[in-house]
Amino acid sequence: MEEKEYTVKEALLFSQRIGQLSKALWKSIEKDWQQWIKPYDLNINEHHILWIAYHLNGASISDVAKFGVMHVSTAFNFSKKLEERGYLQFSKKENDKRNTYIQLTEKGENIFLEIMEAYDPAQNAAYSASLPLKDIYGKFPEMLEVMAIVRNIYGDDFMEIFEKSFHNIDKEFVETEGKLHQKLPQKTELI
């Protein structure tokens, strides 16, 4: 029999600490997220689906469910509502008739970009609460350990999409006068 390197008490304390901290942090994040998207008459699931559709550009409903950490029926039902509002379009692939795919419409991309431009850091409690740490250490708190836990729960695919979306934001958006804006496409000069 394999000897444990931890006690049940240690496991319980860790599980409860991370659970309580996650719940408290989520409650604050949820409130801020809802306030951010409220002017656009979207809920968090709908905004998250728009986010995923923007970054995956042709995601299957299964991908949306996986990366949105929601049930497939939730992903489908909220995607359907977004389609009805003209933000998404559904499709099937010629070589994959079993899966349903979503893509942002022009209207969907416009609303997504408008929401990104409306982001106000001062209205985000987790960001504001992290500023004293940034002032002391010169950087925001590291996410590596939390990301390692999430990777062990949801897998490498989840983390690759997670990182891709943030890489896309870094690459595709610029800040001017305290607001985010999508970079204009580079014009190539013909010689």
# chains A, B, ... in the order shown; residues from 1 in each chain; ligands from 1
$ select_by_dssp --residues "range 61-99 of chain A" --states "strand (DSSP E or B)" --output "ChimeraX atom specification"
/A:88-93,96-99
$ write_last_selection --atoms "N, CA, C and O atoms" --output "short mmCIF file (atom, residue, chain, number, x, y, z; two decimals), in the first residue's frame"
data_model
loop_
_atom_site.label_atom_id
_atom_site.label_comp_id
_atom_site.auth_asym_id
_atom_site.auth_seq_id
_atom_site.Cartn_x
_atom_site.Cartn_y
_atom_site.Cartn_z
N LEU A 88 -24.27 35.66 -33.41
CA LEU A 88 -23.60 34.42 -33.82
C LEU A 88 -24.32 33.81 -35.00
O LEU A 88 -25.52 34.05 -35.19
N GLN A 89 -23.58 33.00 -35.73
CA GLN A 89 -24.22 32.15 -36.73
C GLN A 89 -23.77 30.72 -36.50
O GLN A 89 -22.64 30.48 -36.08
N PHE A 90 -24.69 29.80 -36.73
CA PHE A 90 -24.42 28.38 -36.56
C PHE A 90 -24.07 27.78 -37.92
O PHE A 90 -24.56 28.25 -38.95
N SER A 91 -23.25 26.75 -37.90
CA SER A 91 -22.93 26.05 -39.14
C SER A 91 -22.53 24.61 -38.84
O SER A 91 -22.28 24.25 -37.69
N LYS A 92 -22.50 23.83 -39.89
CA LYS A 92 -21.98 22.46 -39.84
C LYS A 92 -20.82 22.42 -40.83
O LYS A 92 -20.82 23.13 -41.82
N LYS A 93 -19.86 21.58 -40.56
CA LYS A 93 -18.75 21.42 -41.49
C LYS A 93 -19.06 20.24 -42.41
O LYS A 93 -19.68 19.26 -41.99
N ASP A 96 -17.82 17.15 -40.95
CA ASP A 96 -18.18 16.91 -39.55
C ASP A 96 -19.62 17.36 -39.32
O ASP A 96 -19.88 18.44 -38.82
N LYS A 97 -20.56 16.51 -39.70
CA LYS A 97 -21.98 16.86 -39.59
C LYS A 97 -22.51 16.68 -38.17
O LYS A 97 -23.60 17.14 -37.85
N ARG A 98 -21.76 16.00 -37.30
CA ARG A 98 -22.25 15.75 -35.95
C ARG A 98 -22.14 16.97 -35.05
O ARG A 98 -22.95 17.16 -34.16
N ASN A 99 -21.13 17.81 -35.26
CA ASN A 99 -20.91 18.96 -34.40
C ASN A 99 -21.50 20.22 -35.01
O ASN A 99 -21.49 20.41 -36.22
#
$ residues_around --residues "range 126-131 of chain A" --least-positions-apart "2" --cutoff "8 Å" --atoms "only C-alpha atoms" --output "list in words"
Leu25, Ser28, Ile29, Pro121, Ala122, Asn124, Leu133, Lys134, Asp135, Phe140 and Pro141 of chain A
$ select_by_dssp --residues "range 59-142 of chain A" --states "helix (DSSP H, G or I)" --output "ChimeraX atom specification"
/A:61-67,72-84,106-118,121-123,125-137
$ closest_residue --among "A:Gln182, A:Asn45, A:Gln16, A:Asn57" --to "Glu30 in chain A" --atoms "only C-alpha atoms"
A:Asn45
$ atom_distance --atom1 "CA of Asn95 in chain A" --atom2 "CA of Tyr54 in chain A"
22.6 Å
